[in-house]
file coords.pdb (PDB, C-alpha atoms)
ATOM      1  CA  MET A1368      29.698  -8.717  76.987
ATOM      2  CA  ALA A1369      32.444  -9.414  74.458
ATOM      3  CA  ILE A1370      32.903  -6.896  71.677
ATOM      4  CA  VAL A1371      33.253  -8.448  68.238
ATOM      5  CA  VAL A1372      35.426  -6.404  65.911
ATOM      6  CA  ASN A1373      35.293  -7.005  62.183
ATOM      7  CA  LEU A1374      38.937  -7.598  61.250
ATOM      8  CA  ASP A1375      38.557  -5.970  57.851
ATOM      9  CA  GLU A1376      37.221  -2.822  59.525
ATOM     10  CA  LYS A1377      40.049  -2.920  62.073
ATOM     11  CA  ARG A1378      42.618  -3.087  59.291
ATOM     12  CA  GLY A1379      40.966  -0.216  57.498
ATOM     13  CA  LYS A1380      39.584  -2.354  54.688
ATOM     14  CA  PRO A1381      36.022  -1.656  53.581
ATOM     15  CA  VAL A1382      33.662  -4.520  54.336
ATOM     16  CA  GLN A1383      32.147  -5.755  51.102
ATOM     17  CA  PRO A1384      28.340  -5.917  51.045
ATOM     18  CA  SER A1385      26.877  -9.402  50.749
ATOM     19  CA  LEU A1386      23.658 -11.382  50.778
ATOM     20  CA  ASP A1387      24.502 -12.916  54.157
ATOM     21  CA  GLY A1388      22.319 -10.602  56.229
ATOM     22  CA  LEU A1389      19.187 -11.294  54.214
ATOM     23  CA  HIS A1390      20.013 -14.990  53.975
ATOM     24  CA  GLN A1391      20.183 -15.280  57.769
ATOM     25  CA  LEU A1392      16.862 -13.501  58.261
ATOM     26  CA  VAL A1393      14.979 -15.672  55.759
ATOM     27  CA  ALA A1394      16.932 -18.914  56.285
ATOM     28  CA  ASP A1395      14.008 -20.915  57.683
ATOM     29  CA  ASP A1396      11.662 -19.905  54.885
ATOM     30  CA  LEU A1397      14.388 -20.417  52.292
ATOM     31  CA  GLY A1398      14.847 -23.966  53.549
ATOM     32  CA  ARG A1399      11.133 -24.538  52.951
ATOM     33  CA  VAL A1400      11.467 -23.020  49.485
ATOM     34  CA  ASN A1401      14.251 -25.460  48.645
ATOM     35  CA  GLU A1402      12.061 -28.331  49.863
ATOM     36  CA  ALA A1403       9.216 -27.095  47.644
ATOM     37  CA  VAL A1404      11.564 -26.858  44.674
ATOM     38  CA  LEU A1405      12.808 -30.426  45.146
ATOM     39  CA  LYS A1406       9.285 -31.768  45.637
ATOM     40  CA  ASN A1407       7.873 -30.028  42.581
ATOM     41  CA  MET A1408      10.604 -31.074  40.186
ATOM     42  CA  GLU A1409       9.881 -34.752  40.851
ATOM     43  CA  SER A1410       8.834 -36.744  37.802
ATOM     44  CA  SER A1411       8.604 -40.361  36.715
ATOM     45  CA  VAL A1412      10.650 -39.326  33.684
ATOM     46  CA  ALA A1413      14.129 -39.752  35.158
ATOM     47  CA  LEU A1414      15.847 -37.198  32.933
ATOM     48  CA  ILE A1415      13.683 -34.341  34.250
ATOM     49  CA  PRO A1416      14.797 -34.327  37.910
ATOM     50  CA  GLN A1417      18.314 -35.286  36.831
ATOM     51  CA  LEU A1418      18.727 -32.351  34.471
ATOM     52  CA  ALA A1419      16.745 -29.878  36.590
ATOM     53  CA  GLY A1420      18.638 -30.957  39.683
ATOM     54  CA  HIS A1421      21.928 -30.306  37.912
ATOM     55  CA  ILE A1422      21.261 -26.633  37.302
ATOM     56  CA  ILE A1423      19.539 -26.091  40.657
ATOM     57  CA  ALA A1424      22.387 -27.820  42.520
ATOM     58  CA  ALA A1425      24.864 -25.627  40.652
ATOM     59  CA  GLY A1426      24.096 -23.110  43.337
ATOM     60  CA  GLY A1427      23.258 -19.601  42.406
ATOM     61  CA  LYS A1428      22.451 -16.939  44.919
ATOM     62  CA  ARG A1429      18.689 -17.599  45.228
ATOM     63  CA  ILE A1430      18.469 -13.821  45.258
ATOM     64  CA  ARG A1431      15.000 -13.641  43.694
ATOM     65  CA  PRO A1432      13.326 -16.017  46.178
ATOM     66  CA  MET A1433      15.161 -14.299  49.025
ATOM     67  CA  LEU A1434      13.884 -10.915  47.862
ATOM     68  CA  LEU A1435      10.305 -12.199  47.903
ATOM     69  CA  LEU A1436      10.781 -13.640  51.379
ATOM     70  CA  GLY A1437      12.502 -10.476  52.572
ATOM     71  CA  THR A1438       9.912  -8.032  51.259
ATOM     72  CA  ALA A1439       7.137 -10.166  52.766
ATOM     73  CA  LYS A1440       8.886  -9.806  56.132
ATOM     74  CA  LEU A1441       9.346  -6.090  55.518
ATOM     75  CA  CYS A1442       5.576  -5.837  55.088
ATOM     76  CA  GLY A1443       4.944  -7.723  58.321
ATOM     77  CA  TYR A1444       3.610 -10.907  56.724
ATOM     78  CA  GLU A1445       3.578 -13.942  59.024
ATOM     79  CA  GLY A1446       1.819 -16.543  56.870
ATOM     80  CA  THR A1447       3.170 -19.229  54.544
ATOM     81  CA  ARG A1448       2.132 -18.164  51.018
ATOM     82  CA  GLN A1449       5.542 -16.664  50.341
ATOM     83  CA  VAL A1450       7.169 -20.110  50.325
ATOM     84  CA  GLY A1451       5.300 -21.562  47.348
ATOM     85  CA  LEU A1452       5.528 -18.317  45.419
ATOM     86  CA  ALA A1453       9.262 -18.022  46.023
ATOM     87  CA  ALA A1454       9.610 -21.553  44.634
ATOM     88  CA  ALA A1455       7.558 -20.501  41.601
ATOM     89  CA  VAL A1456       9.881 -17.549  41.055
ATOM     90  CA  GLU A1457      12.922 -19.833  41.281
ATOM     91  CA  PHE A1458      11.389 -22.218  38.730
ATOM     92  CA  ILE A1459      10.785 -19.355  36.297
ATOM     93  CA  HIS A1460      14.352 -18.182  36.759
ATOM     94  CA  THR A1461      15.805 -21.679  36.336
ATOM     95  CA  ALA A1462      13.716 -22.328  33.218
ATOM     96  CA  THR A1463      14.988 -19.121  31.642
ATOM     97  CA  LEU A1464      18.581 -20.126  32.454
ATOM     98  CA  LEU A1465      18.101 -23.438  30.654
ATOM     99  CA  HIS A1466      16.674 -21.674  27.619
ATOM    100  CA  ASP A1467      19.347 -18.933  27.779
ATOM    101  CA  ASP A1468      22.178 -21.436  27.668
ATOM    102  CA  VAL A1469      20.691 -23.050  24.574
ATOM    103  CA  VAL A1470      20.223 -19.727  22.788
ATOM    104  CA  ASP A1471      23.722 -18.559  23.782
ATOM    105  CA  GLU A1472      25.295 -21.975  23.086
ATOM    106  CA  SER A1473      26.961 -21.740  26.499
ATOM    107  CA  ASP A1474      29.101 -24.560  27.871
ATOM    108  CA  LEU A1475      29.745 -23.244  31.384
ATOM    109  CA  ARG A1476      27.542 -21.780  34.105
ATOM    110  CA  ARG A1477      28.646 -21.093  37.702
ATOM    111  CA  GLY A1478      31.822 -23.050  37.086
ATOM    112  CA  LYS A1479      30.030 -26.206  35.913
ATOM    113  CA  SER A1480      29.066 -27.602  32.540
ATOM    114  CA  THR A1481      25.691 -26.352  31.363
ATOM    115  CA  ALA A1482      22.777 -28.739  31.037
ATOM    116  CA  ASN A1483      22.756 -28.369  27.269
ATOM    117  CA  ALA A1484      26.461 -29.241  27.140
ATOM    118  CA  LEU A1485      25.740 -32.461  29.054
ATOM    119  CA  TRP A1486      22.320 -33.514  27.741
ATOM    120  CA  GLY A1487      21.855 -31.529  24.551
ATOM    121  CA  ASN A1488      19.711 -28.601  23.499
ATOM    122  CA  LYS A1489      16.459 -30.496  23.031
ATOM    123  CA  SER A1490      16.467 -31.931  26.542
ATOM    124  CA  SER A1491      17.332 -28.552  28.065
ATOM    125  CA  VAL A1492      14.515 -26.751  26.278
ATOM    126  CA  LEU A1493      11.945 -29.386  27.202
ATOM    127  CA  VAL A1494      12.966 -29.534  30.862
ATOM    128  CA  GLY A1495      12.840 -25.747  30.919
ATOM    129  CA  ASP A1496       9.262 -26.007  29.686
ATOM    130  CA  PHE A1497       8.535 -28.520  32.450
ATOM    131  CA  LEU A1498       9.849 -26.093  35.075
ATOM    132  CA  PHE A1499       7.661 -23.321  33.672
ATOM    133  CA  SER A1500       4.672 -25.643  34.061
ATOM    134  CA  ARG A1501       5.654 -26.354  37.666
ATOM    135  CA  SER A1502       5.840 -22.642  38.399
ATOM    136  CA  PHE A1503       2.298 -22.203  37.113
ATOM    137  CA  ARG A1504       1.109 -25.147  39.199
ATOM    138  CA  LEU A1505       2.464 -23.390  42.286
ATOM    139  CA  MET A1506       0.724 -20.162  41.275
ATOM    140  CA  VAL A1507      -2.582 -21.976  40.877
ATOM    141  CA  ALA A1508      -2.108 -23.644  44.266
ATOM    142  CA  ASP A1509      -1.741 -20.188  45.807
ATOM    143  CA  GLY A1510      -5.250 -19.418  44.581
ATOM    144  CA  SER A1511      -4.812 -15.714  43.815
ATOM    145  CA  LEU A1512      -5.661 -14.317  40.390
ATOM    146  CA  GLU A1513      -3.573 -11.261  41.251
ATOM    147  CA  VAL A1514      -0.509 -13.426  41.840
ATOM    148  CA  LEU A1515      -1.200 -15.398  38.663
ATOM    149  CA  SER A1516      -1.469 -12.152  36.706
ATOM    150  CA  ILE A1517       1.811 -10.769  38.075
ATOM    151  CA  LEU A1518       3.884 -13.892  37.466
ATOM    152  CA  SER A1519       2.341 -14.892  34.136
ATOM    153  CA  ASN A1520       2.901 -11.365  32.860
ATOM    154  CA  ALA A1521       6.478 -11.491  34.125
ATOM    155  CA  ALA A1522       7.089 -14.760  32.265
ATOM    156  CA  ALA A1523       5.740 -13.233  29.048
ATOM    157  CA  VAL A1524       7.847 -10.080  29.385
ATOM    158  CA  ILE A1525      10.976 -12.141  30.067
ATOM    159  CA  ALA A1526      10.341 -14.075  26.845
ATOM    160  CA  GLU A1527       9.896 -10.786  24.990
ATOM    161  CA  GLY A1528      13.211  -9.638  26.429
ATOM    162  CA  GLU A1529      14.897 -12.780  25.128
ATOM    163  CA  VAL A1530      13.540 -12.116  21.646
ATOM    164  CA  MET A1531      14.561  -8.444  21.827
ATOM    165  CA  GLN A1532      18.076  -9.539  22.768
ATOM    166  CA  LEU A1533      18.174 -11.775  19.707
ATOM    167  CA  THR A1534      17.250  -8.819  17.498
ATOM    168  CA  THR A1535      20.062  -6.690  18.966
ATOM    169  CA  ALA A1536      22.680  -9.453  19.013
ATOM    170  CA  ASN A1537      25.679  -8.665  16.802
ATOM    171  CA  ASP A1538      24.228  -5.206  16.057
ATOM    172  CA  THR A1539      26.653  -2.426  16.938
ATOM    173  CA  ALA A1540      23.948   0.137  16.127
ATOM    174  CA  THR A1541      22.167  -0.874  19.336
ATOM    175  CA  SER A1542      21.431   2.208  21.445
ATOM    176  CA  GLU A1543      21.630   2.608  25.194
ATOM    177  CA  ASP A1544      17.829   2.801  25.288
ATOM    178  CA  ASP A1545      17.599  -0.474  23.337
ATOM    179  CA  TYR A1546      19.954  -2.115  25.810
ATOM    180  CA  LEU A1547      18.040  -0.850  28.848
ATOM    181  CA  GLU A1548      14.778  -2.081  27.351
ATOM    182  CA  VAL A1549      16.259  -5.558  26.944
ATOM    183  CA  ILE A1550      17.701  -5.884  30.451
ATOM    184  CA  THR A1551      14.595  -4.401  32.052
ATOM    185  CA  ALA A1552      12.479  -7.060  30.360
ATOM    186  CA  LYS A1553      14.904  -9.959  30.577
ATOM    187  CA  THR A1554      16.307  -9.491  34.090
ATOM    188  CA  ALA A1555      14.607  -6.732  36.073
ATOM    189  CA  THR A1556      11.066  -7.994  35.450
ATOM    190  CA  LEU A1557      11.455 -11.067  37.656
ATOM    191  CA  PHE A1558      13.174  -9.048  40.393
ATOM    192  CA  ALA A1559      10.224  -6.637  40.289
ATOM    193  CA  ALA A1560       7.635  -9.417  40.404
ATOM    194  CA  ALA A1561       9.374 -11.062  43.367
ATOM    195  CA  THR A1562       9.530  -7.883  45.437
ATOM    196  CA  GLN A1563       5.992  -6.849  44.526
ATOM    197  CA  LEU A1564       4.668 -10.225  45.645
ATOM    198  CA  GLY A1565       6.090  -9.627  49.106
ATOM    199  CA  ALA A1566       3.599  -6.787  49.473
ATOM    200  CA  VAL A1567       0.803  -8.695  47.733
ATOM    201  CA  VAL A1568       0.856 -11.688  50.096
ATOM    202  CA  ALA A1569       0.890  -9.264  53.030
ATOM    203  CA  GLY A1570      -2.238  -7.560  51.706
ATOM    204  CA  ARG A1571      -0.519  -4.185  51.559
ATOM    205  CA  PRO A1572      -2.056  -1.239  49.655
ATOM    206  CA  LYS A1573      -1.446  -0.842  45.916
ATOM    207  CA  VAL A1574       0.877   2.083  46.517
ATOM    208  CA  GLU A1575       3.193  -0.117  48.603
ATOM    209  CA  GLN A1576       3.005  -2.869  45.994
ATOM    210  CA  ALA A1577       4.047  -0.363  43.326
ATOM    211  CA  THR A1578       6.843   0.960  45.527
ATOM    212  CA  LEU A1579       8.303  -2.505  46.065
ATOM    213  CA  GLU A1580       7.858  -3.325  42.376
ATOM    214  CA  ALA A1581       9.982  -0.259  41.569
ATOM    215  CA  PHE A1582      12.500  -1.352  44.202
ATOM    216  CA  GLY A1583      12.955  -4.726  42.520
ATOM    217  CA  ARG A1584      12.988  -3.333  39.001
ATOM    218  CA  ASN A1585      15.757  -0.823  39.702
ATOM    219  CA  LEU A1586      17.697  -3.402  41.710
ATOM    220  CA  GLY A1587      17.445  -5.809  38.773
ATOM    221  CA  ILE A1588      18.702  -3.213  36.302
ATOM    222  CA  ALA A1589      21.699  -2.470  38.519
ATOM    223  CA  PHE A1590      22.337  -6.208  38.937
ATOM    224  CA  GLN A1591      22.435  -6.810  35.170
ATOM    225  CA  LEU A1592      24.515  -3.709  34.463
ATOM    226  CA  THR A1593      27.097  -5.006  36.920
ATOM    227  CA  ASP A1594      26.931  -8.481  35.388
ATOM    228  CA  ASP A1595      27.705  -7.062  31.955
ATOM    229  CA  VAL A1596      30.660  -5.092  33.322
ATOM    230  CA  LEU A1597      32.018  -8.196  35.074
ATOM    231  CA  ASP A1598      32.259 -10.002  31.749
ATOM    232  CA  TYR A1599      35.087  -7.627  30.875
ATOM    233  CA  VAL A1600      36.832  -7.293  34.243
ATOM    234  CA  ALA A1601      36.300 -10.356  36.461
ATOM    235  CA  ALA A1602      38.454 -13.448  36.714
ATOM    236  CA  SER A1603      37.045 -16.814  35.672
ATOM    237  CA  GLU A1604      37.183 -18.211  39.214
ATOM    238  CA  ASP A1605      35.125 -15.259  40.453
ATOM    239  CA  MET A1606      32.452 -15.440  37.774
ATOM    240  CA  GLY A1607      31.837 -19.145  37.387
ATOM    241  CA  LYS A1608      32.066 -18.622  33.652
ATOM    242  CA  ASP A1609      34.742 -17.537  31.245
ATOM    243  CA  PRO A1610      35.398 -13.783  31.059
ATOM    244  CA  GLY A1611      34.659 -12.544  27.565
ATOM    245  CA  ASP A1612      31.751 -14.886  26.911
ATOM    246  CA  ASP A1613      29.555 -11.936  25.934
ATOM    247  CA  PHE A1614      32.272 -10.658  23.607
ATOM    248  CA  ARG A1615      32.809 -14.033  21.953
ATOM    249  CA  GLU A1616      29.054 -14.478  21.464
ATOM    250  CA  GLY A1617      28.734 -11.044  19.883
ATOM    251  CA  LYS A1618      26.473  -9.647  22.601
ATOM    252  CA  VAL A1619      26.137  -5.887  22.424
ATOM    253  CA  THR A1620      25.937  -4.942  26.100
ATOM    254  CA  LEU A1621      26.274  -1.432  27.511
ATOM    255  CA  PRO A1622      30.097  -1.508  27.672
ATOM    256  CA  VAL A1623      30.118  -2.188  23.930
ATOM    257  CA  VAL A1624      27.417   0.399  23.198
ATOM    258  CA  LEU A1625      29.458   3.121  24.902
ATOM    259  CA  ALA A1626      32.818   2.004  23.478
ATOM    260  CA  PHE A1627      31.409   1.921  19.946
ATOM    261  CA  ARG A1628      29.751   5.308  20.307
ATOM    262  CA  ARG A1629      32.945   6.932  21.627
ATOM    263  CA  GLY A1630      35.347   5.218  19.242
ATOM    264  CA  ASP A1631      36.869   6.542  16.036
ATOM    265  CA  GLU A1632      36.346   4.894  12.644
ATOM    266  CA  THR A1633      39.139   2.381  13.200
ATOM    267  CA  GLU A1634      37.744   1.352  16.570
ATOM    268  CA  GLN A1635      34.214   1.068  15.221
ATOM    269  CA  ALA A1636      35.525  -1.147  12.427
ATOM    270  CA  PHE A1637      37.082  -3.376  15.111
ATOM    271  CA  TRP A1638      33.724  -3.733  16.894
ATOM    272  CA  ARG A1639      31.917  -4.514  13.633
ATOM    273  CA  ARG A1640      34.467  -7.167  12.720
ATOM    274  CA  THR A1641      34.501  -8.870  16.104
ATOM    275  CA  LEU A1642      30.831  -8.598  17.083
ATOM    276  CA  GLU A1643      28.861  -8.362  13.841
ATOM    277  CA  ASP A1644      31.016 -10.638  11.690
ATOM    278  CA  LEU A1645      32.335 -12.658  14.668
ATOM    279  CA  GLU A1646      35.813 -12.611  13.138
ATOM    280  CA  GLN A1647      37.959 -12.789  16.265
ATOM    281  CA  ASP A1648      41.512 -13.764  17.083
ATOM    282  CA  ASP A1649      43.136 -14.475  20.429
ATOM    283  CA  ALA A1650      44.226 -10.881  21.035
ATOM    284  CA  ASP A1651      40.874  -9.256  20.307
ATOM    285  CA  PHE A1652      39.329  -9.597  23.757
ATOM    286  CA  ASP A1653      42.279  -7.865  25.399
ATOM    287  CA  HIS A1654      42.082  -5.143  22.753
ATOM    288  CA  ALA A1655      38.364  -4.730  23.457
ATOM    289  CA  ARG A1656      39.127  -4.225  27.139
ATOM    290  CA  ALA A1657      41.846  -1.716  26.263
ATOM    291  CA  LEU A1658      39.396   0.303  24.171
ATOM    292  CA  MET A1659      36.919   0.308  27.028
ATOM    293  CA  GLU A1660      39.613   1.515  29.395
ATOM    294  CA  ARG A1661      40.661   4.224  26.939
ATOM    295  CA  HIS A1662      37.148   5.638  26.856
ATOM    296  CA  ASP A1663      36.392   5.141  30.573
ATOM    297  CA  VAL A1664      33.494   2.901  29.595
ATOM    298  CA  LEU A1665      33.455   0.480  32.517
ATOM    299  CA  THR A1666      33.623   3.274  35.078
ATOM    300  CA  ASP A1667      30.641   4.952  33.433
ATOM    301  CA  CYS A1668      28.695   1.667  33.387
ATOM    302  CA  GLN A1669      29.373   1.207  37.092
ATOM    303  CA  GLU A1670      28.201   4.764  37.704
ATOM    304  CA  ARG A1671      24.947   3.975  35.914
ATOM    305  CA  ALA A1672      24.542   0.891  38.103
ATOM    306  CA  ARG A1673      25.003   3.048  41.194
ATOM    307  CA  HIS A1674      22.334   5.414  39.855
ATOM    308  CA  TYR A1675      19.796   2.581  39.784
ATOM    309  CA  THR A1676      20.852   1.290  43.184
ATOM    310  CA  GLN A1677      20.201   4.732  44.637
ATOM    311  CA  ILE A1678      16.686   4.738  43.190
ATOM    312  CA  ALA A1679      16.153   1.266  44.658
ATOM    313  CA  LYS A1680      17.387   2.406  48.069
ATOM    314  CA  ASP A1681      15.121   5.456  48.003
ATOM    315  CA  SER A1682      12.152   3.174  47.295
ATOM    316  CA  LEU A1683      12.540   1.667  50.770
ATOM    317  CA  ASP A1684      12.315   5.039  52.545
ATOM    318  CA  PRO A1685       8.579   4.704  53.374
ATOM    319  CA  PHE A1686       9.137   1.402  55.184
ATOM    320  CA  PRO A1687      10.071   1.180  58.877
ATOM    321  CA  ASP A1688      13.717   0.908  59.848
ATOM    322  CA  GLY A1689      14.905  -2.435  61.159
ATOM    323  CA  GLU A1690      17.132  -5.393  60.440
ATOM    324  CA  ILE A1691      15.132  -6.645  57.458
ATOM    325  CA  LYS A1692      15.242  -3.223  55.798
ATOM    326  CA  ASP A1693      18.972  -3.015  56.501
ATOM    327  CA  ALA A1694      19.456  -6.447  54.940
ATOM    328  CA  LEU A1695      17.542  -5.432  51.806
ATOM    329  CA  LEU A1696      19.620  -2.264  51.532
ATOM    330  CA  GLU A1697      22.758  -4.402  51.725
ATOM    331  CA  VAL A1698      21.444  -6.517  48.847
ATOM    332  CA  VAL A1699      21.149  -3.309  46.837
ATOM    333  CA  ALA A1700      24.754  -2.395  47.658
ATOM    334  CA  PHE A1701      25.856  -5.936  46.791
ATOM    335  CA  SER A1702      24.208  -5.751  43.367
ATOM    336  CA  ALA A1703      26.554  -2.986  42.233
ATOM    337  CA  ALA A1704      29.690  -3.942  44.192
ATOM    338  CA  ARG A1705      29.856  -7.696  43.604
ATOM    339  CA  SER A1706      32.736  -9.444  41.893
ATOM    340  CA  HIS A1707      30.724 -12.494  40.780
TER     341      HIS A1707
END

call {"tool": "encode", "arguments": {"input": "coords.pdb", "output": "structure tokens"}}
result
Amino acid sequence: MAIVVNLDEKRGKPVQPSLDGLHQLVADDLGRVNEAVLKNMESSVALIPQLAGHIIAAGGKRIRPMLLLGTAKLCGYEGTRQVGLAAAVEFIHTATLLHDDVVDESDLRRGKSTANALWGNKSSVLVGDFLFSRSFRLMVADGSLEVLSILSNAAAVIAEGEVMQLTTANDTATSEDDYLEVITAKTATLFAAATQLGAVVAGRPKVEQATLEAFGRNLGIAFQLTDDVLDYVAASEDMGKDPGDDFREGKVTLPVVLAFRRGDETEQAFWRRTLEDLEQDDADFDHARALMERHDVLTDCQERARHYTQIAKDSLDPFPDGEIKDALLEVVAFSAARSH
């Protein structure tokens, strides 16, 4: 038997964690999810599939549907319910992206023009609403009130998170607790719902459902923490958006919270001018990054992300070892180590 040696390992380079392992294990089901997504975004109103198809075709990692499919496998489920529910989760996520880009006035997502940049805000909001309705149709088709409760509650909490983010936008007095409350609602909630549903469709006990819900929630927090760090460190080609978008929009993410808290009066005045008053010049973003480096902010944010990934990893301890568990653990590692 031939021995395959990973060249990066052979050269002494650490192999970066990825989603590839999980993707391979759920590839067949994920193909069915994509078919369900395409089928359910059909409409006689031509703009709807055109606009929805644009953002769905833009790629994305499909991490939330894959997590649902993966946790269902982890729980030994061999049915088909996970496919429709994973499509519902993807519709909720895509709808929130459409609405996010309108609220944030974004022009670029994953390296492509946003839907609102191409078709306008009104069309993006309305198609987002259509996708929400399709997600609920898929929930109803599943026939479980428990599933409907989990996903409808998740959709409501995500909306609350969006509103909370609006109330903290441009506010340098935002605390770390405020920030964590926002990202838990806005991002981690859908991760948690997806992973919990893997146990629900498998008919697993409530304690296992709660364990996988905690797994997804902590994974989602780590994922968003890393995302907010990347806005200040990643290159445009890695991110699929322009570095500094959060800064230019006046978003007070954890890097800003920590930099403001640790800064002197002059530095705090800089943050108020650039984020509260949105008075920015070309050199301000580089200065913001320099202040973060001075106070070791990004390193501390990454350490917090690793804290949540460790909690997520520990959540999988009760489940049997095997390739699907290993793949889920690699997703956790990816969430805090990714460059995009």

call {"tool": "atom_distance", "arguments": {"input": "coords.pdb", "atom1": "atom CA of A:Arg1705", "atom2": "atom CA of A:Ala1482"}}
result
25.5 Å

call {"tool": "atom_distance", "arguments": {"input": "coords.pdb", "atom1": "atom CA of A:Val1450", "atom2": "atom CA of A:Arg1399"}}
result
6.5 Å

call {"tool": "residues_around", "arguments": {"input": "coords.pdb", "residues": "stretch 1687-1702 of chain A", "least_positions_apart": "2", "cutoff": "9 Å", "atoms": "only C-alpha atoms", "output": "PyMOL selection string"}}
result
chain A and resi 1383-1390+1392+1430+1434+1437-1438+1440-1441+1586-1587+1589-1591+1593-1594+1672-1673+1676-1677+1679-1680+1683-1685+1704-1705

call {"tool": "resolve_selection", "arguments": {"input": "coords.pdb", "expression": "the PyMOL selection byres ((chain A and resi 1496) around 12)", "output": "list in words"}}
result
Met1408, Ile1415, Ala1419, Phe1458, Ile1459, His1460, Thr1461, Ala1462, Thr1463, Leu1464, Leu1465, His1466, Lys1489, Ser1490, Ser1491, Val1492, Leu1493, Val1494, Gly1495, Phe1497, Leu1498, Phe1499, Ser1500, Arg1501, Ser1502, Phe1503 and Ala1522 of chain A

call {"tool": "residues_around", "arguments": {"input": "coords.pdb", "residues": "A:Asp1595", "least_positions_apart": "2", "cutoff": "8 Å", "atoms": "only C-alpha atoms", "output": "list in words"}}
result
Gln1591, Leu1592, Thr1593, Leu1597, Asp1598, Tyr1599, Asp1613, Thr1620, Leu1621 and Pro1622 of chain A

call {"tool": "closest_residue", "arguments": {"input": "coords.pdb", "among": "A:Lys1428, A:Arg1448, A:Arg1615, A:Lys1406", "to": "A:Gly1570", "atoms": "all atoms listed in the file"}}
result
A:Arg1448

call {"tool": "closest_residue", "arguments": {"input": "coords.pdb", "among": "A:Gly1528, A:Pro1416, A:Gly1443, A:Gly1611", "to": "A:Ala1566", "atoms": "all atoms listed in the file"}}
result
A:Gly1443

call {"tool": "closest_residue", "arguments": {"input": "coords.pdb", "among": "A:Asp1631, A:Glu1457, A:Glu1527, A:Asp1612", "to": "A:His1662", "atoms": "only C-alpha atoms"}}
result
A:Asp1631

call {"tool": "resolve_selection", "arguments": {"input": "coords.pdb", "expression": "the PyMOL selection byres ((chain A and resi 1558) around 6)", "output": "ChimeraX atom specification"}}
result
/A:1431,1555-1557,1559-1561,1583-1584,1587

call {"tool": "write_last_selection", "arguments": {"input": "coords.pdb", "atoms": "C-alpha atoms", "output": "PDB file, in the frame of the given file"}}
result
ATOM      1  CA  ARG A1431      15.000 -13.641  43.694  1.00  0.00           C
ATOM      2  CA  ALA A1555      14.607  -6.732  36.073  1.00  0.00           C
ATOM      3  CA  THR A1556      11.066  -7.994  35.450  1.00  0.00           C
ATOM      4  CA  LEU A1557      11.455 -11.067  37.656  1.00  0.00           C
ATOM      5  CA  ALA A1559      10.224  -6.637  40.289  1.00  0.00           C
ATOM      6  CA  ALA A1560       7.635  -9.417  40.404  1.00  0.00           C
ATOM      7  CA  ALA A1561       9.374 -11.062  43.367  1.00  0.00           C
ATOM      8  CA  GLY A1583      12.955  -4.726  42.520  1.00  0.00           C
ATOM      9  CA  ARG A1584      12.988  -3.333  39.001  1.00  0.00           C
ATOM     10  CA  GLY A1587      17.445  -5.809  38.773  1.00  0.00           C
TER      11      GLY A1587
END

call {"tool": "residues_around", "arguments": {"input": "coords.pdb", "residues": "A:Ala1577", "least_positions_apart": "2", "cutoff": "10 Å", "atoms": "all atoms listed in the file", "output": "PyMOL selection string"}}
result
chain A and resi 1559+1562-1563+1566-1567+1572-1575+1579-1583+1682

call {"tool": "residues_around", "arguments": {"input": "coords.pdb", "residues": "A:Glu1634", "least_positions_apart": "6", "cutoff": "10 Å", "atoms": "all atoms listed in the file", "output": "list in words"}}
result
Ala1626, Phe1627, Arg1628, Arg1640, His1654, Ala1655 and Leu1658 of chain A

call {"tool": "atom_distance", "arguments": {"input": "coords.pdb", "atom1": "atom CA of A:Thr1578", "atom2": "atom CA of A:Leu1515"}}
result
19.5 Å

call {"tool": "closest_residue", "arguments": {"input": "coords.pdb", "among": "A:Glu1445, A:Arg1429, A:Ala1454, A:Val1470", "to": "A:Glu1402", "atoms": "all atoms listed in the file"}}
result
A:Ala1454

call {"tool": "residues_around", "arguments": {"input": "coords.pdb", "residues": "A:Leu1665", "least_positions_apart": "4", "cutoff": "8 Å", "atoms": "only C-alpha atoms", "output": "number ranges by chain"}}
result
A: 1596, 1622, 1659-1660, 1669

call {"tool": "axis_aligned_box", "arguments": {"input": "coords.pdb", "around": "stretch 1659-1662 of chain A", "padding_each_side": "4 Å", "output": "JSON"}}
result
{"center_x": 38.8, "center_y": 3.0, "center_z": 28.1, "size_x": 11.7, "size_y": 13.3, "size_z": 10.5}
